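Chemist: So here's coords.cif (mmCIF, C-alpha atoms).
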data_work
loop_
_atom_site.label_atom_id
_atom_site.label_comp_id
_atom_site.auth_asym_id
_atom_site.auth_seq_id
_atom_site.Cartn_x
_atom_site.Cartn_y
_atom_site.Cartn_z
CA ARG A 1 -9.84 -35.53 37.00
CA PHE A 2 -10.04 -31.73 36.83
CA VAL A 3 -13.27 -30.31 38.32
CA GLU A 4 -14.27 -27.08 36.60
CA PHE A 5 -17.65 -26.47 38.24
CA ILE A 6 -19.76 -27.70 41.17
CA PHE A 7 -23.52 -27.20 41.18
CA LEU A 8 -26.25 -27.97 43.75
CA ASP A 9 -29.63 -28.27 42.02
CA ARG A 10 -33.14 -27.64 43.40
CA GLN A 11 -33.51 -31.31 44.29
CA HIS A 12 -30.37 -30.97 46.45
CA ARG A 13 -28.26 -33.10 44.12
CA TYR A 14 -24.62 -32.25 43.47
CA TRP A 15 -23.22 -32.13 39.94
CA LEU A 16 -19.59 -31.85 38.89
CA GLY A 17 -18.45 -30.49 35.55
CA THR A 18 -15.05 -32.04 34.84
CA ASP A 19 -12.60 -32.38 31.99
CA ASP A 20 -14.27 -35.66 30.96
CA GLY A 21 -17.97 -34.83 31.39
CA LEU A 22 -20.83 -34.38 33.84
CA HIS A 23 -20.76 -36.39 37.08
CA SER A 24 -23.33 -36.84 39.83
CA TYR A 25 -21.77 -36.65 43.30
CA ASP A 26 -22.82 -37.88 46.75
CA PRO A 27 -21.00 -35.84 49.44
CA LEU A 28 -21.96 -38.35 52.15
CA THR A 29 -20.18 -41.28 50.52
CA GLY A 30 -17.77 -39.44 48.25
CA ALA A 31 -19.00 -41.52 45.32
CA SER A 32 -19.35 -39.98 41.87
CA SER A 33 -20.78 -41.32 38.63
CA LEU A 34 -20.11 -40.14 35.07
CA LYS A 35 -23.50 -39.40 33.48
CA VAL A 36 -22.59 -37.92 30.11
CA THR A 37 -19.56 -36.74 28.14
CA PHE A 38 -19.25 -33.55 26.09
CA ASP A 39 -17.15 -32.45 23.15
CA CYS A 40 -16.34 -28.94 24.35
CA ASP A 41 -13.47 -26.79 25.59
CA LYS A 42 -14.74 -26.22 29.13
CA PHE A 43 -17.72 -25.80 31.46
CA ASN A 44 -18.47 -22.20 32.44
CA ASP A 45 -21.67 -22.54 34.42
CA MET A 46 -24.68 -24.70 35.28
CA THR A 47 -28.24 -24.12 36.42
CA SER A 48 -31.49 -26.12 36.67
CA ASP A 49 -35.17 -25.63 35.91
CA ASP A 50 -38.35 -26.41 37.85
CA GLU A 51 -38.46 -29.95 36.43
CA GLY A 52 -34.95 -30.81 37.62
CA ASN A 53 -33.27 -30.65 34.21
CA ILE A 54 -29.64 -29.55 34.27
CA TYR A 55 -28.40 -26.78 31.96
CA ILE A 56 -24.70 -26.87 31.14
CA SER A 57 -22.66 -24.22 29.34
CA THR A 58 -20.55 -26.22 26.89
CA PHE A 59 -18.30 -23.27 26.10
CA SER A 60 -18.00 -22.52 22.36
CA ARG A 61 -20.77 -25.07 21.64
CA GLY A 62 -23.84 -23.40 23.14
CA PHE A 63 -25.55 -25.23 26.00
CA CYS A 64 -26.89 -28.69 26.76
CA VAL A 65 -29.97 -29.75 28.70
CA TYR A 66 -29.63 -33.03 30.61
CA ASN A 67 -32.65 -34.89 31.97
CA PRO A 68 -31.49 -36.95 34.99
CA GLN A 69 -34.64 -39.08 34.89
CA THR A 70 -34.37 -40.25 31.28
CA GLY A 71 -30.70 -39.63 30.53
CA GLU A 72 -31.72 -37.57 27.49
CA LEU A 73 -29.28 -34.87 26.39
CA ARG A 74 -30.14 -32.04 24.00
CA ASN A 75 -27.81 -29.38 22.60
CA TYR A 76 -28.81 -25.82 21.64
CA ARG A 77 -26.55 -23.69 19.49
CA ASN A 78 -26.55 -20.41 17.61
CA ILE A 79 -27.07 -22.24 14.32
CA GLY A 80 -29.44 -24.85 12.91
CA GLN A 81 -32.68 -23.63 14.53
CA ASP A 82 -36.09 -22.49 13.28
CA THR A 83 -35.38 -18.93 14.38
CA VAL A 84 -38.63 -17.38 13.08
CA LYS A 85 -40.88 -19.27 15.50
CA THR A 86 -38.54 -19.90 18.41
CA GLY A 87 -35.79 -17.29 18.28
CA HIS A 88 -32.25 -18.50 18.81
CA LEU A 89 -29.26 -18.48 21.13
CA CYS A 90 -27.43 -15.23 20.41
CA ASN A 91 -23.90 -16.65 20.84
CA ASP A 92 -22.33 -20.08 21.49
CA TRP A 93 -19.77 -18.80 24.03
CA ILE A 94 -21.86 -18.80 27.21
CA MET A 95 -20.19 -17.20 30.23
CA CYS A 96 -22.96 -17.53 32.86
CA MET A 97 -26.43 -19.02 33.41
CA THR A 98 -29.23 -18.53 35.93
CA SER A 99 -32.95 -19.25 36.31
CA ASP A 100 -35.36 -16.45 37.21
CA ARG A 101 -38.56 -16.60 39.30
CA ASN A 102 -40.60 -17.37 36.18
CA GLY A 103 -38.47 -20.43 35.42
CA VAL A 104 -36.79 -18.77 32.43
CA ILE A 105 -33.10 -19.53 31.88
CA TRP A 106 -30.90 -16.42 31.38
CA MET A 107 -27.56 -16.81 29.60
CA GLY A 108 -24.80 -14.23 29.40
CA THR A 109 -22.52 -14.76 26.42
CA SER A 110 -19.47 -13.20 24.83
CA SER A 111 -21.87 -11.10 22.74
CA GLY A 112 -25.04 -10.31 24.65
CA VAL A 113 -27.76 -12.06 26.67
CA SER A 114 -30.29 -14.73 25.65
CA CYS A 115 -33.30 -16.14 27.51
CA PHE A 116 -34.70 -19.65 27.09
CA ASP A 117 -38.12 -20.86 28.29
CA PRO A 118 -37.95 -24.61 29.14
CA ARG A 119 -41.73 -24.97 28.81
CA THR A 120 -42.05 -23.59 25.27
CA LYS A 121 -38.46 -24.25 24.07
CA ARG A 122 -38.38 -20.67 22.79
CA PHE A 123 -35.88 -17.81 23.10
CA LEU A 124 -38.51 -15.09 22.64
CA THR A 125 -40.18 -15.30 26.07
CA TYR A 126 -39.85 -11.61 26.91
CA GLY A 127 -40.40 -10.34 23.37
CA TRP A 128 -36.76 -10.04 22.34
CA ASN A 129 -34.03 -12.40 21.12
CA GLN A 130 -30.91 -10.63 22.39
CA LEU A 131 -29.88 -7.97 24.92
CA LEU A 132 -26.61 -6.01 24.88
CA PRO A 133 -25.26 -7.21 21.51
CA GLU A 134 -21.47 -7.02 21.09
CA ILE A 135 -21.00 -6.77 24.89
CA MET A 136 -19.38 -9.58 26.88
CA CYS A 137 -21.62 -10.59 29.80
CA PHE A 138 -20.03 -12.34 32.79
CA SER A 139 -22.72 -12.37 35.49
CA ILE A 140 -26.51 -12.23 35.77
CA CYS A 141 -28.40 -11.68 39.03
CA GLU A 142 -32.17 -11.47 39.47
CA LEU A 143 -32.91 -8.79 42.07
CA HIS A 144 -35.59 -8.78 44.77
CA ASP A 145 -37.96 -6.71 42.59
CA GLY A 146 -37.68 -9.05 39.61
CA ASN A 147 -35.39 -6.81 37.61
CA VAL A 148 -32.08 -8.26 36.43
CA ALA A 149 -28.56 -6.92 36.97
CA ILE A 150 -26.03 -7.83 34.28
CA GLY A 151 -22.27 -7.62 34.80
CA THR A 152 -20.25 -6.99 31.63
CA ASP A 153 -16.84 -5.95 30.34
CA ARG A 154 -18.30 -2.43 30.09
CA GLY A 155 -19.74 -2.05 33.57
CA LEU A 156 -23.10 -2.84 35.17
CA PHE A 157 -26.47 -2.86 33.41
CA LEU A 158 -30.07 -3.22 34.59
CA TYR A 159 -32.92 -4.97 32.77
CA ASP A 160 -36.35 -3.63 33.71
CA GLN A 161 -39.03 -6.36 33.60
CA LYS A 162 -41.86 -3.84 33.24
CA THR A 163 -40.45 -1.87 30.31
CA ARG A 164 -38.41 -4.82 28.97
CA LYS A 165 -35.53 -2.44 28.31
CA THR A 166 -31.91 -2.41 29.40
CA ARG A 167 -29.97 0.61 30.66
CA ARG A 168 -26.93 1.44 32.73
CA PHE A 169 -27.45 0.56 36.37
CA PRO A 170 -28.37 3.80 38.19
CA HIS A 171 -25.41 5.64 39.76
CA SER A 172 -22.92 3.08 38.39
CA GLU A 173 -20.82 5.50 36.33
CA GLN A 174 -17.67 4.52 38.27
CA LEU A 175 -18.01 0.98 36.94
CA ASN A 176 -18.31 1.87 33.26
CA ASP A 177 -14.60 1.19 32.57
CA LYS A 178 -14.48 -1.99 34.66
CA THR A 179 -15.32 -5.65 34.08
CA VAL A 180 -18.05 -6.82 36.46
CA SER A 181 -17.45 -10.56 36.84
CA TYR A 182 -19.91 -11.48 39.61
CA ILE A 183 -23.00 -9.98 41.28
CA VAL A 184 -24.87 -10.89 44.47
CA GLN A 185 -27.69 -9.12 46.34
CA SER A 186 -27.82 -9.27 50.13
CA ASN A 187 -30.96 -9.56 52.26
CA ASP A 188 -31.01 -5.78 52.80
CA HIS A 189 -31.21 -5.35 48.99
CA ASP A 190 -27.67 -3.98 48.73
CA ILE A 191 -25.64 -5.23 45.75
CA TRP A 192 -22.05 -6.47 45.76
CA CYS A 193 -19.95 -6.74 42.60
CA SER A 194 -16.57 -8.32 42.04
CA THR A 195 -14.76 -6.37 39.32
CA SER A 196 -11.42 -6.00 37.56
CA MET A 197 -10.65 -3.29 40.14
CA GLY A 198 -11.80 -4.69 43.45
CA ILE A 199 -15.14 -5.17 45.19
CA TRP A 200 -17.87 -2.56 44.72
CA HIS A 201 -20.87 -2.15 47.01
CA TYR A 202 -24.18 -0.54 46.07
CA ASP A 203 -26.04 0.91 49.05
CA ALA A 204 -29.72 0.63 48.12
CA LYS A 205 -30.83 3.24 50.67
CA ALA A 206 -28.16 5.83 49.87
CA GLU A 207 -28.28 4.93 46.14
CA ASN A 208 -24.52 5.07 45.65
CA PHE A 209 -21.53 2.80 45.00
CA SER A 210 -18.37 2.55 47.09
CA SER A 211 -15.23 0.54 46.47
CA HIS A 212 -13.50 -2.06 48.66
CA VAL A 213 -10.37 -4.19 48.32
CA ASN A 214 -8.91 -2.25 45.40
#
Before we go any further, please render this structure as structure tokens.
Modeler:
Amino acid sequence: RFVEFIFLDRQHRYWLGTDDGLHSYDPLTGASSLKVTFDCDKFNDMTSDDEGNIYISTFSRGFCVYNPQTGELRNYRNIGQDTVKTGHLCNDWIMCMTSDRNGVIWMGTSSGVSCFDPRTKRFLTYGWNQLLPEIMCFSICELHDGNVAIGTDRGLFLYDQKTRKTRRFPHSEQLNDKTVSYIVQSNDHDIWCSTSMGIWHYDAKAENFSSHVN
């Protein structure tokens, strides 16, 4: 089978997204078990919440939440929801997923960013339904200060948790014409971005970007 994604959850369990569904995997024995199948084109990403539920990007069909304890599977899509009370997923083509320190699930899509609160089942946790509409979002990284960096096909953006507003990442003008596909922050608070034109490094002390491996 073709393995599209490997994920290690907070309970230290391995999960494999393959061309025939979601498998649990034991690296000690090499044994795997098919848990659930999906009708979707591909897996793009996975994450988990504080309760151990697994969130799977079923690309073009929103996302699914799988409960390993009960076997329950629930699908969330851009359509068919009570959007007045709960908000809604901004786009069904989810490119990336991550969980922040508050337990909220962030999802970057082919047209903006959505947030989902597992406790309330709402998309309006931070007072908005969508960030960066019409912009393709490939990577989301919560930074040490709680703010969120977002990598897109139009450069790097920063979401400020205090103001709840999004702006261009400071001093990132050189990235505006590049696709930022992945973001990580090192222990010294520097930021590293993989882009369509090499690796870019943000020096937090000097407050500037430099390029590597062009």
Chemist: Hey, which bits of stretch 159-214 of chain A sit within 12 Å of stretch 115-127 of chain A, and for each residue what's the closest pair of atoms and how far apart in Å (one decimal), counting only C-alpha atoms, rows by chain and increasing number, as JSON lines?
Modeler:
{"residue": "A:Tyr159", "atom": "CA", "partner": "A:Tyr126", "partner_atom": "CA", "distance": 11.2}
{"residue": "A:Asp160", "atom": "CA", "partner": "A:Tyr126", "partner_atom": "CA", "distance": 11.1}
{"residue": "A:Gln161", "atom": "CA", "partner": "A:Tyr126", "partner_atom": "CA", "distance": 8.5}
{"residue": "A:Lys162", "atom": "CA", "partner": "A:Tyr126", "partner_atom": "CA", "distance": 10.2}
{"residue": "A:Thr163", "atom": "CA", "partner": "A:Tyr126", "partner_atom": "CA", "distance": 10.3}
{"residue": "A:Arg164", "atom": "CA", "partner": "A:Tyr126", "partner_atom": "CA", "distance": 7.2}
{"residue": "A:Lys165", "atom": "CA", "partner": "A:Tyr126", "partner_atom": "CA", "distance": 10.2}
Chemist: In Å, with one decimal, what is the gap from atom CA of A:Ala206 to atom CA of A:Gly151?
Modeler: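 Calculated distance between atom CA of A:Ala206 and atom CA of A:Gly151 is 21.0 Å.
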Chemist: Would you pick out the contacts of stretch 171-182 of chain A at 10 Å or less, using all atoms listed in the file, so that residues sharing its chain but fewer than 4 positions from it are not included, and give the list as a ChimeraX atom specification?
Modeler: /A:95-96,136-141,150-157,192-200,202,207-211
Chemist: Store the residues of this selection in a file with C-alpha atoms, as a PDB file, keeping the file's coordinate frame.
Modeler:
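And here's result38.pdb as it stands now:
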ATOM      1  CA  MET A  95     -20.190 -17.200  30.230  1.00  0.00           C
ATOM      2  CA  CYS A  96     -22.960 -17.530  32.860  1.00  0.00           C
ATOM      3  CA  MET A 136     -19.380  -9.580  26.880  1.00  0.00           C
ATOM      4  CA  CYS A 137     -21.620 -10.590  29.800  1.00  0.00           C
ATOM      5  CA  PHE A 138     -20.030 -12.340  32.790  1.00  0.00           C
ATOM      6  CA  SER A 139     -22.720 -12.370  35.490  1.00  0.00           C
ATOM      7  CA  ILE A 140     -26.510 -12.230  35.770  1.00  0.00           C
ATOM      8  CA  CYS A 141     -28.400 -11.680  39.030  1.00  0.00           C
ATOM      9  CA  ILE A 150     -26.030  -7.830  34.280  1.00  0.00           C
ATOM     10  CA  GLY A 151     -22.270  -7.620  34.800  1.00  0.00           C
ATOM     11  CA  THR A 152     -20.250  -6.990  31.630  1.00  0.00           C
ATOM     12  CA  ASP A 153     -16.840  -5.950  30.340  1.00  0.00           C
ATOM     13  CA  ARG A 154     -18.300  -2.430  30.090  1.00  0.00           C
ATOM     14  CA  GLY A 155     -19.740  -2.050  33.570  1.00  0.00           C
ATOM     15  CA  LEU A 156     -23.100  -2.840  35.170  1.00  0.00           C
ATOM     16  CA  PHE A 157     -26.470  -2.860  33.410  1.00  0.00           C
ATOM     17  CA  TRP A 192     -22.050  -6.470  45.760  1.00  0.00           C
ATOM     18  CA  CYS A 193     -19.950  -6.740  42.600  1.00  0.00           C
ATOM     19  CA  SER A 194     -16.570  -8.320  42.040  1.00  0.00           C
ATOM     20  CA  THR A 195     -14.760  -6.370  39.320  1.00  0.00           C
ATOM     21  CA  SER A 196     -11.420  -6.000  37.560  1.00  0.00           C
ATOM     22  CA  MET A 197     -10.650  -3.290  40.140  1.00  0.00           C
ATOM     23  CA  GLY A 198     -11.800  -4.690  43.450  1.00  0.00           C
ATOM     24  CA  ILE A 199     -15.140  -5.170  45.190  1.00  0.00           C
ATOM     25  CA  TRP A 200     -17.870  -2.560  44.720  1.00  0.00           C
ATOM     26  CA  TYR A 202     -24.180  -0.540  46.070  1.00  0.00           C
ATOM     27  CA  GLU A 207     -28.280   4.930  46.140  1.00  0.00           C
ATOM     28  CA  ASN A 208     -24.520   5.070  45.650  1.00  0.00           C
ATOM     29  CA  PHE A 209     -21.530   2.800  45.000  1.00  0.00           C
ATOM     30  CA  SER A 210     -18.370   2.550  47.090  1.00  0.00           C
ATOM     31  CA  SER A 211     -15.230   0.540  46.470  1.00  0.00           C
TER      32      SER A 211
END
Chemist: Taking the file as shown, find all residues satisfying the PyMOL selection byres ((chain A and resi 10) around 9) and write them as an mmCIF file with C-alpha atoms, keeping the file's coordinate frame.
Modeler:
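Output saved as part33.cif:
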data_model
loop_
_atom_site.group_PDB
_atom_site.id
_atom_site.type_symbol
_atom_site.label_atom_id
_atom_site.label_comp_id
_atom_site.auth_asym_id
_atom_site.auth_seq_id
_atom_site.Cartn_x
_atom_site.Cartn_y
_atom_site.Cartn_z
ATOM 1 C CA LEU A 8 -26.250 -27.970 43.750
ATOM 2 C CA ASP A 9 -29.630 -28.270 42.020
ATOM 3 C CA GLN A 11 -33.510 -31.310 44.290
ATOM 4 C CA HIS A 12 -30.370 -30.970 46.450
ATOM 5 C CA ARG A 13 -28.260 -33.100 44.120
ATOM 6 C CA SER A 48 -31.490 -26.120 36.670
ATOM 7 C CA ASP A 49 -35.170 -25.630 35.910
ATOM 8 C CA ASP A 50 -38.350 -26.410 37.850
ATOM 9 C CA GLY A 52 -34.950 -30.810 37.620
#
Chemist: Quick one, how far is atom CA of A:Leu73 from atom CA of A:Ile56?
Modeler: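 Spanning atom CA of A:Leu73 to atom CA of A:Ile56 is a straight-line distance of 10.4 Å.
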Chemist: Determine the residue set returned by the PyMOL selection byres ((chain A and resi 5) around 12) for the present structure, and present it as a ChimeraX atom specification.
Modeler: /A:2-4,6-8,14-19,21-24,42-47,56-58,96
Chemist: Take the residues that were just selected and, keeping C-alpha atoms, output them as a JSON list (two decimals), in the frame of the given file.
Modeler:
[["chain", "number", "residue", "atom", "x", "y", "z"],
["A", 2, "PHE", "CA", -10.04, -31.73, 36.83],
["A", 3, "VAL", "CA", -13.27, -30.31, 38.32],
["A", 4, "GLU", "CA", -14.27, -27.08, 36.60],
["A", 6, "ILE", "CA", -19.76, -27.70, 41.17],
["A", 7, "PHE", "CA", -23.52, -27.20, 41.18],
["A", 8, "LEU", "CA", -26.25, -27.97, 43.75],
["A", 14, "TYR", "CA", -24.62, -32.25, 43.47],
["A", 15, "TRP", "CA", -23.22, -32.13, 39.94],
["A", 16, "LEU", "CA", -19.59, -31.85, 38.89],
["A", 17, "GLY", "CA", -18.45, -30.49, 35.55],
["A", 18, "THR", "CA", -15.05, -32.04, 34.84],
["A", 19, "ASP", "CA", -12.60, -32.38, 31.99],
["A", 21, "GLY", "CA", -17.97, -34.83, 31.39],
["A", 22, "LEU", "CA", -20.83, -34.38, 33.84],
["A", 23, "HIS", "CA", -20.76, -36.39, 37.08],
["A", 24, "SER", "CA", -23.33, -36.84, 39.83],
["A", 42, "LYS", "CA", -14.74, -26.22, 29.13],
["A", 43, "PHE", "CA", -17.72, -25.80, 31.46],
["A", 44, "ASN", "CA", -18.47, -22.20, 32.44],
["A", 45, "ASP", "CA", -21.67, -22.54, 34.42],
["A", 46, "MET", "CA", -24.68, -24.70, 35.28],
["A", 47, "THR", "CA", -28.24, -24.12, 36.42],
["A", 56, "ILE", "CA", -24.70, -26.87, 31.14],
["A", 57, "SER", "CA", -22.66, -24.22, 29.34],
["A", 58, "THR", "CA", -20.55, -26.22, 26.89],
["A", 96, "CYS", "CA", -22.96, -17.53, 32.86]]
Chemist: Name every residue that the PyMOL selection byres ((chain A and resi 63) around 9) selects in this structure, writing the answer as a short mmCIF file (atom, residue, chain, number, x, y, z; two decimals) with C-alpha atoms, in the frame of the given file with chains first and numbers rising.
Modeler:
data_model
loop_
_atom_site.label_atom_id
_atom_site.label_comp_id
_atom_site.auth_asym_id
_atom_site.auth_seq_id
_atom_site.Cartn_x
_atom_site.Cartn_y
_atom_site.Cartn_z
CA TYR A 55 -28.40 -26.78 31.96
CA ILE A 56 -24.70 -26.87 31.14
CA SER A 57 -22.66 -24.22 29.34
CA THR A 58 -20.55 -26.22 26.89
CA PHE A 59 -18.30 -23.27 26.10
CA SER A 60 -18.00 -22.52 22.36
CA ARG A 61 -20.77 -25.07 21.64
CA GLY A 62 -23.84 -23.40 23.14
CA CYS A 64 -26.89 -28.69 26.76
CA VAL A 65 -29.97 -29.75 28.70
CA ARG A 74 -30.14 -32.04 24.00
CA ASN A 75 -27.81 -29.38 22.60
CA TYR A 76 -28.81 -25.82 21.64
CA ARG A 77 -26.55 -23.69 19.49
CA ASP A 92 -22.33 -20.08 21.49
CA TRP A 93 -19.77 -18.80 24.03
CA ILE A 94 -21.86 -18.80 27.21
#
Chemist: Nearest to A:Lys85 among A:Asp203, A:Asn129, A:Ser32, A:His212, with distances taken over all atoms listed in the file: which residue is it?
Modeler: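 Ranking A:Asp203, A:Asn129, A:Ser32, A:His212 by distance to A:Lys85, first place goes to A:Asn129.
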Chemist: In Å, with one decimal, what is the gap from atom CA of A:Thr70 to atom CA of A:His88?
Modeler: 25.2 Å
